[in-house]
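Text of entry_29.txt, listed as compact mmCIF, C-alpha atoms:
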```txt
# COMPACT_ATOMS: atom_id res chain seq x y z
CA MET A 179 -3.78 -25.67 16.47
CA ALA A 180 -1.39 -25.08 13.57
CA LEU A 181 -0.96 -21.55 12.20
CA VAL A 182 -2.08 -22.76 8.74
CA GLU A 183 -4.55 -25.60 8.28
CA VAL A 184 -5.43 -26.70 4.77
CA LYS A 185 -8.39 -29.06 4.92
CA ASN A 186 -9.34 -31.11 1.87
CA ILE A 187 -9.32 -28.15 -0.49
CA SER A 188 -10.20 -28.38 -4.16
CA TYR A 189 -10.41 -25.70 -6.81
CA LYS A 190 -12.08 -25.77 -10.20
CA TYR A 191 -11.74 -22.85 -12.62
CA PRO A 192 -14.87 -21.42 -14.28
CA ASN A 193 -14.02 -23.32 -17.47
CA GLY A 194 -14.30 -26.58 -15.52
CA TYR A 195 -10.56 -27.28 -15.19
CA LEU A 196 -9.78 -28.96 -11.86
CA ALA A 197 -6.51 -27.40 -10.63
CA VAL A 198 -6.36 -28.74 -7.06
CA ASP A 199 -7.97 -31.96 -5.87
CA ASP A 200 -8.52 -32.73 -2.16
CA VAL A 201 -5.29 -31.28 -0.73
CA SER A 202 -4.56 -31.20 3.00
CA PHE A 203 -1.58 -30.14 5.12
CA SER A 204 -0.75 -27.90 8.07
CA ILE A 205 2.05 -25.46 8.83
CA GLU A 206 3.29 -24.36 12.24
CA ALA A 207 4.52 -20.89 13.18
CA GLY A 208 8.26 -20.69 12.57
CA GLU A 209 8.18 -23.51 10.02
CA ASN A 210 9.90 -23.25 6.66
CA ILE A 211 8.52 -25.52 3.94
CA ALA A 212 8.99 -25.93 0.20
CA ILE A 213 6.25 -26.99 -2.20
CA VAL A 214 7.65 -28.62 -5.32
CA GLY A 215 6.26 -30.21 -8.47
CA GLN A 216 6.12 -29.75 -12.20
CA ASN A 217 4.09 -27.00 -13.89
CA GLY A 218 0.41 -27.88 -13.65
CA ALA A 219 0.82 -29.85 -10.42
CA GLY A 220 -1.39 -27.38 -8.55
CA LYS A 221 1.24 -25.58 -6.45
CA THR A 222 0.41 -21.97 -7.28
CA THR A 223 -3.35 -22.45 -7.11
CA THR A 224 -2.93 -24.09 -3.72
CA VAL A 225 -0.90 -21.27 -2.20
CA LYS A 226 -3.19 -18.63 -3.67
CA MET A 227 -5.92 -20.18 -1.55
CA LEU A 228 -3.78 -19.56 1.54
CA ASN A 229 -4.12 -15.80 1.28
CA GLY A 230 -7.58 -15.54 -0.24
CA LEU A 231 -6.55 -14.70 -3.81
CA MET A 232 -8.67 -17.76 -4.57
CA LYS A 233 -11.31 -19.38 -2.37
CA PRO A 234 -11.63 -23.18 -2.25
CA CYS A 235 -14.57 -24.71 -4.11
CA ASP A 236 -14.49 -27.48 -1.51
CA GLY A 237 -12.74 -27.74 1.83
CA ASP A 238 -11.35 -24.89 3.89
CA VAL A 239 -8.19 -22.95 4.71
CA LEU A 240 -7.74 -21.73 8.28
CA ILE A 241 -5.19 -19.09 9.26
CA ASP A 242 -4.74 -19.14 13.02
CA GLY A 243 -8.19 -20.73 13.25
CA ASP A 244 -9.99 -18.28 10.93
CA SER A 245 -11.38 -19.38 7.58
CA THR A 246 -10.17 -17.39 4.57
CA LYS A 247 -13.74 -17.60 3.26
CA ASN A 248 -14.80 -15.05 5.89
CA TYR A 249 -12.34 -12.37 4.78
CA THR A 250 -11.62 -10.32 1.68
CA THR A 251 -8.33 -10.74 -0.15
CA ALA A 252 -7.22 -7.32 1.15
CA GLN A 253 -7.93 -8.40 4.72
CA MET A 254 -6.06 -11.68 4.28
CA ALA A 255 -3.06 -9.86 2.78
CA ARG A 256 -2.38 -8.46 6.24
CA ARG A 257 -1.92 -11.99 7.56
CA VAL A 258 -0.55 -13.89 4.58
CA GLY A 259 1.93 -12.08 2.33
CA TYR A 260 2.51 -13.24 -1.23
CA VAL A 261 5.63 -12.57 -3.30
CA PHE A 262 4.76 -13.28 -6.93
CA GLN A 263 7.13 -15.07 -9.29
CA ASN A 264 7.30 -11.97 -11.48
CA PRO A 265 7.95 -8.84 -9.37
CA ASP A 266 6.58 -6.68 -12.17
CA ASP A 267 3.12 -8.02 -11.27
CA GLN A 268 3.42 -6.25 -7.91
CA ILE A 269 5.62 -3.18 -8.28
CA PHE A 270 3.94 0.09 -9.26
CA ASN A 271 5.61 2.81 -7.19
CA SER A 272 8.37 5.13 -8.43
CA THR A 273 10.92 4.42 -5.68
CA VAL A 274 11.89 1.36 -3.67
CA TYR A 275 11.08 3.25 -0.48
CA SER A 276 7.54 4.11 -1.56
CA GLU A 277 7.01 0.54 -2.77
CA ILE A 278 7.87 -0.87 0.65
CA GLU A 279 5.88 1.89 2.36
CA TYR A 280 2.73 1.42 0.28
CA GLY A 281 1.29 -1.54 2.17
CA LEU A 282 2.03 0.08 5.52
CA LYS A 283 0.03 3.14 4.52
CA LYS A 284 -2.90 0.93 3.56
CA MET A 285 -2.65 -0.72 6.97
CA ASN A 286 -2.57 2.68 8.69
CA VAL A 287 0.71 1.90 10.46
CA ASP A 288 1.92 4.98 12.35
CA MET A 289 4.87 6.90 10.92
CA GLU A 290 7.45 5.85 13.52
CA GLU A 291 6.60 2.16 13.28
CA SER A 292 6.42 2.38 9.50
CA GLU A 293 9.91 3.88 9.32
CA ARG A 294 11.26 1.15 11.62
CA ARG A 295 9.74 -1.61 9.48
CA ILE A 296 10.98 -0.09 6.22
CA LYS A 297 14.54 0.16 7.54
CA ASP A 298 14.41 -3.38 8.88
CA ALA A 299 13.01 -4.89 5.68
CA ALA A 300 15.43 -2.93 3.51
CA ALA A 301 18.43 -4.02 5.58
CA LEU A 302 17.39 -7.69 5.53
CA THR A 303 16.94 -7.74 1.77
CA GLY A 304 19.89 -5.51 0.85
CA MET A 305 17.55 -2.83 -0.47
CA ASP A 306 18.82 -0.13 1.90
CA LYS A 307 21.18 1.17 -0.79
CA TYR A 308 18.39 1.33 -3.38
CA LEU A 309 15.65 3.10 -1.41
CA GLU A 310 15.60 6.19 -3.65
CA SER A 311 15.96 4.20 -6.88
CA ASN A 312 13.14 3.49 -9.30
CA PRO A 313 12.54 -0.28 -9.05
CA TYR A 314 12.40 -0.56 -12.83
CA ASP A 315 15.95 0.77 -13.06
CA LEU A 316 17.08 -2.32 -11.13
CA PRO A 317 17.78 -5.80 -12.53
CA LEU A 318 14.99 -8.38 -12.24
CA SER A 319 16.84 -10.33 -9.55
CA ILE A 320 17.02 -7.23 -7.35
CA ARG A 321 13.42 -6.24 -8.09
CA LYS A 322 12.42 -9.56 -6.55
CA PHE A 323 13.97 -8.43 -3.28
CA VAL A 324 11.96 -5.20 -3.48
CA THR A 325 8.74 -7.23 -3.36
CA ILE A 326 10.15 -9.47 -0.63
CA ALA A 327 10.99 -6.36 1.42
CA SER A 328 7.40 -5.13 1.03
CA VAL A 329 6.04 -8.38 2.43
CA ILE A 330 8.54 -8.43 5.29
CA ALA A 331 7.57 -4.87 6.23
CA SER A 332 3.91 -5.87 6.41
CA ASN A 333 4.85 -8.26 9.25
CA CYS A 334 2.55 -11.03 8.03
CA ASP A 335 2.41 -14.26 10.02
CA VAL A 336 2.70 -16.31 6.82
CA MET A 337 4.89 -15.41 3.86
CA ILE A 338 4.66 -17.11 0.46
CA PHE A 339 7.58 -16.90 -1.99
CA ASP A 340 6.87 -18.02 -5.56
CA GLU A 341 10.07 -19.12 -7.37
CA PRO A 342 12.33 -16.70 -5.46
CA THR A 343 15.57 -18.31 -6.70
CA ALA A 344 14.84 -17.84 -10.42
CA GLY A 345 17.46 -15.55 -11.96
CA GLN A 346 19.42 -15.17 -8.72
CA ASP A 347 23.21 -15.31 -8.55
CA LEU A 348 25.12 -16.86 -5.64
CA ASP A 349 24.82 -13.70 -3.53
CA GLY A 350 21.07 -13.65 -4.08
CA LEU A 351 20.74 -17.32 -3.12
CA ASP A 352 22.78 -16.73 0.03
CA ARG A 353 20.57 -13.79 0.97
CA LEU A 354 17.42 -15.89 0.47
CA SER A 355 18.89 -18.61 2.69
CA GLU A 356 19.67 -16.09 5.41
CA LEU A 357 16.20 -14.53 5.12
CA ASN A 358 14.60 -17.93 5.66
CA LYS A 359 16.55 -18.37 8.90
CA ILE A 360 15.82 -14.87 10.20
CA LEU A 361 12.10 -14.89 9.39
CA THR A 362 11.43 -18.34 10.80
CA GLY A 363 13.42 -17.25 13.86
CA ARG A 364 10.86 -14.48 14.22
CA GLY A 365 8.08 -17.06 14.21
CA LYS A 366 6.98 -16.53 10.61
CA ALA A 367 5.76 -19.46 8.55
CA ILE A 368 7.55 -19.47 5.19
CA VAL A 369 6.10 -21.29 2.18
CA THR A 370 8.28 -21.42 -0.93
CA ILE A 371 7.29 -22.69 -4.37
CA THR A 372 10.35 -23.65 -6.36
CA HIS A 373 11.77 -25.89 -9.07
CA ASP A 374 15.25 -25.59 -7.55
CA MET A 375 15.79 -28.94 -5.82
CA GLU A 376 19.35 -28.06 -4.81
CA PHE A 377 18.12 -24.94 -2.97
CA VAL A 378 15.41 -26.98 -1.26
CA ALA A 379 17.93 -29.62 -0.19
CA ASP A 380 20.16 -26.95 1.35
CA ASN A 381 17.49 -24.86 3.09
CA TYR A 382 14.29 -26.73 3.96
CA GLU A 383 13.62 -29.38 6.58
CA ARG A 384 10.22 -30.22 5.12
CA VAL A 385 8.99 -30.56 1.56
CA ILE A 386 5.57 -31.11 0.02
CA VAL A 387 5.58 -32.76 -3.39
CA MET A 388 2.54 -32.10 -5.58
CA CYS A 389 1.64 -34.13 -8.64
CA LYS A 390 -1.52 -34.19 -10.74
CA LYS A 391 -3.30 -31.67 -8.46
CA LYS A 392 -2.70 -33.72 -5.29
CA VAL A 393 -0.13 -34.01 -2.51
CA LEU A 394 2.07 -36.94 -3.44
CA ALA A 395 4.45 -36.72 -0.48
CA ASP A 396 4.87 -34.58 2.63
CA GLY A 397 7.75 -35.11 5.03
CA ARG A 398 11.36 -34.50 5.97
CA THR A 399 13.21 -33.27 2.91
CA GLU A 400 15.91 -35.94 3.04
CA ASP A 401 13.35 -38.72 3.38
CA VAL A 402 11.26 -37.47 0.47
CA PHE A 403 14.20 -36.75 -1.84
CA PHE A 404 15.63 -40.24 -1.33
CA GLN A 405 12.39 -41.81 -2.57
CA LYS A 406 13.33 -42.16 -6.23
CA ASP A 407 9.90 -43.46 -7.21
CA ILE A 408 8.20 -40.38 -5.71
CA MET A 409 10.59 -38.01 -7.45
CA GLU A 410 10.19 -39.78 -10.79
CA GLN A 411 6.42 -39.82 -10.50
CA ALA A 412 6.49 -36.06 -9.89
CA MET A 413 9.00 -35.69 -12.76
CA LEU A 414 11.54 -34.06 -10.43
CA LYS A 415 15.29 -34.60 -10.45
CA GLN A 416 16.89 -35.75 -7.22
CA PRO A 417 19.53 -33.32 -5.91
CA ALA A 418 23.11 -34.16 -6.84
CA LEU A 419 24.03 -35.12 -3.26
CA VAL A 420 21.16 -37.63 -3.13
CA ARG A 421 22.25 -39.19 -6.40
CA ILE A 422 25.84 -39.45 -5.17
CA ALA A 423 24.84 -40.96 -1.81
CA THR A 424 22.65 -43.51 -3.56
CA LYS A 425 25.37 -44.37 -6.07
CA ILE A 426 27.96 -45.09 -3.39
CA GLY A 427 25.55 -47.24 -1.40
CA MET A 428 24.77 -45.07 1.64
CA THR A 429 21.85 -46.43 3.62
CA GLU A 430 21.29 -43.23 5.62
CA ASN A 431 19.06 -40.57 4.10
CA THR A 432 21.14 -37.44 4.50
CA LEU A 433 21.57 -34.06 2.87
CA ASP A 434 24.70 -33.38 4.92
CA VAL A 435 27.69 -33.01 2.58
CA LYS A 436 30.13 -33.80 5.39
CA LYS A 437 28.42 -37.10 6.15
CA VAL A 438 28.57 -38.13 2.51
CA ALA A 439 32.23 -37.10 2.29
CA ASP A 440 33.07 -39.03 5.47
CA TYR A 441 31.33 -42.12 4.08
CA ILE A 442 33.38 -41.87 0.89
CA LYS A 443 36.58 -41.67 2.97
CA THR A 444 35.67 -44.83 4.92
CA ARG A 445 35.15 -46.69 1.65
CA GLU A 446 38.59 -45.64 0.44
CA LYS A 447 40.37 -47.07 3.46
```
What is this file in structure tokens?
Amino acid sequence: MALVEVKNISYKYPNGYLAVDDVSFSIEAGENIAIVGQNGAGKTTTVKMLNGLMKPCDGDVLIDGDSTKNYTTAQMARRVGYVFQNPDDQIFNSTVYSEIEYGLKKMNVDMEESERRIKDAAALTGMDKYLESNPYDLPLSIRKFVTIASVIASNCDVMIFDEPTAGQDLDGLDRLSELNKILTGRGKAIVTITHDMEFVADNYERVIVMCKKKVLADGRTEDVFFQKDIMEQAMLKQPALVRIATKIGMTENTLDVKKVADYIKTREK
């Protein structure tokens, strides 16, 4: 049984707007996937049903075999952590330390274990030098890592990152890449919503493309990104490496820069 099982879920808002229509997929422990698509494709509504912020109108979401319908949002937050696109929607404590600590207090984690988790999460996210700072004195890009640290400290089995790369510089992108590797190495399932196709190409082995409230494609990132018709239908731009490989006539679907460079060299001989 997969850690996350999404079974034919649909969601209709009270005003009658259908936001997600018969979506299914599964995620294994230790898997790192990206969900991509234009605004309105249904990405955010879908992932909010993973942690109980929304409950499916039809279908079901199972986390390690348990339906989210049987738990409150607060209960699900212990199993599925959510990092919102805007960190200001989550942060409300006066120091970075207390922000990371807040969820642990709610979970009644003992003091010694709480301290260990805070130090670990702060070190992983680079927040260890900001622990006594007020989060709102920090730039937006760094505030995002405050909320990421809070979710890491909670030790959820599933972690959802909504547009984590927005506003990040190269150092921030590198840290996000490293976090993905470390957390999946710990057996966490990472789900990332993003419009950054280059970041997806560099960091994710699997991608789910959503379009018009449905899953349009789900597979190996290189295989999906090389399907120009899929990307155009979803109104997504193929990563630069894919466009180059296609232009020079490569038949292999690859996101490996070295392979593309080697192919170019063979053509020049």
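If you measure from each of A:Asn333, A:Gly215, A:Asn264, A:Met179 to Ile386 of chain A using all atoms listed in the file, the closest one turns out to be A:Gly215.
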Rounded to one decimal in Å, what is the spacing between atom CA of Phe203 of chain A and atom CA of Tyr249 of chain A? 20.8 Å
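If you measure from each of A:Asn248, A:Ser292, A:Gln405, A:Gln216 to Pro417 of chain A using only C-alpha atoms, the closest one turns out to be A:Gln405.
Nearest residue to Ile213 of chain A among A:Ile422, A:Phe404, A:Val369, A:Thr429 is A:Val369, counting all atoms listed in the file.
Our summary of the geometry notes that atom CA of Ala367 of chain A is positioned 6.6 Å from atom CA of Glu206 of chain A.
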Skipping near chain neighbours, those fewer than 2 positions away, what residues fall within 12 Å of Lys307 of chain A using only C-alpha atoms, listed as a VMD selection string? chain A and resid 273 to 275 297 300 to 305 309 to 312 316 320 324
Can those selected residues be exported to a file as an mmCIF file, in the frame of the given file so that it contains C-alpha atoms?
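Here's the written file out_22.cif:
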```
data_model
loop_
_atom_site.group_PDB
_atom_site.id
_atom_site.type_symbol
_atom_site.label_atom_id
_atom_site.label_comp_id
_atom_site.auth_asym_id
_atom_site.auth_seq_id
_atom_site.Cartn_x
_atom_site.Cartn_y
_atom_site.Cartn_z
ATOM 1 C CA THR A 273 10.920 4.420 -5.680
ATOM 2 C CA VAL A 274 11.890 1.360 -3.670
ATOM 3 C CA TYR A 275 11.080 3.250 -0.480
ATOM 4 C CA LYS A 297 14.540 0.160 7.540
ATOM 5 C CA ALA A 300 15.430 -2.930 3.510
ATOM 6 C CA ALA A 301 18.430 -4.020 5.580
ATOM 7 C CA LEU A 302 17.390 -7.690 5.530
ATOM 8 C CA THR A 303 16.940 -7.740 1.770
ATOM 9 C CA GLY A 304 19.890 -5.510 0.850
ATOM 10 C CA MET A 305 17.550 -2.830 -0.470
ATOM 11 C CA LEU A 309 15.650 3.100 -1.410
ATOM 12 C CA GLU A 310 15.600 6.190 -3.650
ATOM 13 C CA SER A 311 15.960 4.200 -6.880
ATOM 14 C CA ASN A 312 13.140 3.490 -9.300
ATOM 15 C CA LEU A 316 17.080 -2.320 -11.130
ATOM 16 C CA ILE A 320 17.020 -7.230 -7.350
ATOM 17 C CA VAL A 324 11.960 -5.200 -3.480
#
```
Quick one, how far is atom CA of Asp401 of chain A from atom CA of Ile368 of chain A? 20.2 Å
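The closest residue to Lys247 of chain A, picked from A:Pro234, A:Pro342, A:Gly397, A:Gly259 and counting only C-alpha atoms, is A:Pro234.
Nearest to Ile296 of chain A of all the residues A:Glu277, A:Lys284, A:Ile360, A:Ala331 is A:Ala331, counting all atoms listed in the file.
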Using only C-alpha atoms, what residues lie at most 9 Å away from (-3.2, -34.6, -11.8) (file coordinates), given as a count of residues only? 12
For Leu433 of chain A, please output as a count of residues only all residues within 9 Å (counting all atoms listed in the file; exclusion window: fewer than 5 positions along the same chain). 8
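Distances here use all atoms listed in the file; by that measure, the residue among A:Asp335, A:Gly194, A:Asn381, A:Lys366 closest to Leu354 of chain A is A:Asn381.
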Which residues are close to Arg384 of chain A, i.e. within 8 Å by all atoms listed in the file, leaving aside same-chain residues fewer than 6 positions away? Reply as a ChimeraX atom specification. /A:210-212,396-399
Counting all atoms listed in the file, which residues sit no farther than 12 Å from the position (8.4, 1.8, 12.1) in the file's frame? I'd like them as a ChimeraX atom specification. /A:278-279,282-283,286-299,331-333
Who sits within 7 Å of Asn229 of chain A, only C-alpha atoms, same chain under 4 positions skipped, as a list of chain:residue names: A:Thr251, A:Met254, A:Ala255, A:Val258
Box in all listed atoms of segment 315-331 of chain A, axis-aligned, with 5 Å more on each side; write out centre and edge lengths in Å to one decimal as lines of an AutoDock Vina configuration file.
```
center_x = 11.9
center_y = -4.8
center_z = -3.4
size_x = 21.7
size_y = 21.1
size_z = 29.3
```
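Residues with any atom within 12 Å of Lys443 of chain A, counting all atoms listed in the file and excluding same-chain neighbours fewer than 6 positions away, are Ile426, Lys436 and Lys437 of chain A.
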Could you write segment 366-390 of chain A as an mmCIF file, in the frame of the given file, with N, CA and C atoms rebuilt where they are missing?
```
data_model
loop_
_atom_site.group_PDB
_atom_site.id
_atom_site.type_symbol
_atom_site.label_atom_id
_atom_site.label_comp_id
_atom_site.auth_asym_id
_atom_site.auth_seq_id
_atom_site.Cartn_x
_atom_site.Cartn_y
_atom_site.Cartn_z
ATOM 1 N N LYS A 366 7.756 -16.562 11.849
ATOM 2 C CA LYS A 366 6.980 -16.530 10.610
ATOM 3 C C LYS A 366 6.961 -17.913 9.965
ATOM 4 N N ALA A 367 5.849 -18.248 9.348
ATOM 5 C CA ALA A 367 5.760 -19.460 8.550
ATOM 6 C C ALA A 367 6.110 -19.091 7.118
ATOM 7 N N ILE A 368 7.097 -19.768 6.548
ATOM 8 C CA ILE A 368 7.550 -19.470 5.190
ATOM 9 C C ILE A 368 7.172 -20.621 4.277
ATOM 10 N N VAL A 369 6.490 -20.291 3.180
ATOM 11 C CA VAL A 369 6.100 -21.290 2.180
ATOM 12 C C VAL A 369 6.734 -20.880 0.852
ATOM 13 N N THR A 370 7.566 -21.745 0.305
ATOM 14 C CA THR A 370 8.280 -21.420 -0.930
ATOM 15 C C THR A 370 7.918 -22.410 -2.029
ATOM 16 N N ILE A 371 7.486 -21.872 -3.169
ATOM 17 C CA ILE A 371 7.290 -22.690 -4.370
ATOM 18 C C ILE A 371 8.560 -22.582 -5.193
ATOM 19 N N THR A 372 9.119 -23.709 -5.592
ATOM 20 C CA THR A 372 10.350 -23.650 -6.360
ATOM 21 C C THR A 372 10.566 -24.914 -7.178
ATOM 22 N N HIS A 373 11.310 -24.756 -8.284
ATOM 23 C CA HIS A 373 11.770 -25.890 -9.070
ATOM 24 C C HIS A 373 13.230 -26.211 -8.772
ATOM 25 N N ASP A 374 13.828 -25.458 -7.860
ATOM 26 C CA ASP A 374 15.250 -25.590 -7.550
ATOM 27 C C ASP A 374 15.446 -26.607 -6.429
ATOM 28 N N MET A 375 15.655 -27.875 -6.815
ATOM 29 C CA MET A 375 15.790 -28.940 -5.820
ATOM 30 C C MET A 375 17.050 -28.789 -4.979
ATOM 31 N N GLU A 376 18.113 -28.238 -5.566
ATOM 32 C CA GLU A 376 19.350 -28.060 -4.810
ATOM 33 C C GLU A 376 19.132 -27.037 -3.690
ATOM 34 N N PHE A 377 18.405 -25.958 -3.984
ATOM 35 C CA PHE A 377 18.120 -24.940 -2.970
ATOM 36 C C PHE A 377 17.237 -25.522 -1.867
ATOM 37 N N VAL A 378 16.277 -26.335 -2.258
ATOM 38 C CA VAL A 378 15.410 -26.980 -1.260
ATOM 39 C C VAL A 378 16.237 -27.894 -0.357
ATOM 40 N N ALA A 379 17.109 -28.691 -0.966
ATOM 41 C CA ALA A 379 17.930 -29.620 -0.190
ATOM 42 C C ALA A 379 18.795 -28.889 0.825
ATOM 43 N N ASP A 380 19.267 -27.708 0.473
ATOM 44 C CA ASP A 380 20.160 -26.950 1.350
ATOM 45 C C ASP A 380 19.433 -26.144 2.423
ATOM 46 N N ASN A 381 18.128 -25.869 2.233
ATOM 47 C CA ASN A 381 17.490 -24.860 3.090
ATOM 48 C C ASN A 381 16.185 -25.263 3.764
ATOM 49 N N TYR A 382 15.620 -26.408 3.428
ATOM 50 C CA TYR A 382 14.290 -26.730 3.960
ATOM 51 C C TYR A 382 14.288 -28.085 4.642
ATOM 52 N N GLU A 383 13.711 -28.120 5.828
ATOM 53 C CA GLU A 383 13.620 -29.380 6.580
ATOM 54 C C GLU A 383 12.401 -30.191 6.149
ATOM 55 N N ARG A 384 11.443 -29.526 5.523
ATOM 56 C CA ARG A 384 10.220 -30.220 5.120
ATOM 57 C C ARG A 384 9.856 -29.841 3.696
ATOM 58 N N VAL A 385 9.395 -30.816 2.940
ATOM 59 C CA VAL A 385 8.990 -30.560 1.560
ATOM 60 C C VAL A 385 7.664 -31.239 1.273
ATOM 61 N N ILE A 386 6.827 -30.548 0.513
ATOM 62 C CA ILE A 386 5.570 -31.110 0.020
ATOM 63 C C ILE A 386 5.703 -31.270 -1.478
ATOM 64 N N VAL A 387 5.511 -32.495 -1.955
ATOM 65 C CA VAL A 387 5.580 -32.760 -3.390
ATOM 66 C C VAL A 387 4.154 -32.868 -3.923
ATOM 67 N N MET A 388 3.857 -32.040 -4.950
ATOM 68 C CA MET A 388 2.540 -32.100 -5.580
ATOM 69 C C MET A 388 2.656 -32.701 -6.981
ATOM 70 N N CYS A 389 1.663 -33.477 -7.340
ATOM 71 C CA CYS A 389 1.640 -34.130 -8.640
ATOM 72 C C CYS A 389 0.192 -34.378 -9.029
ATOM 73 N N LYS A 390 -0.174 -33.965 -10.233
ATOM 74 C CA LYS A 390 -1.520 -34.190 -10.740
ATOM 75 C C LYS A 390 -2.590 -33.653 -9.778
#
```
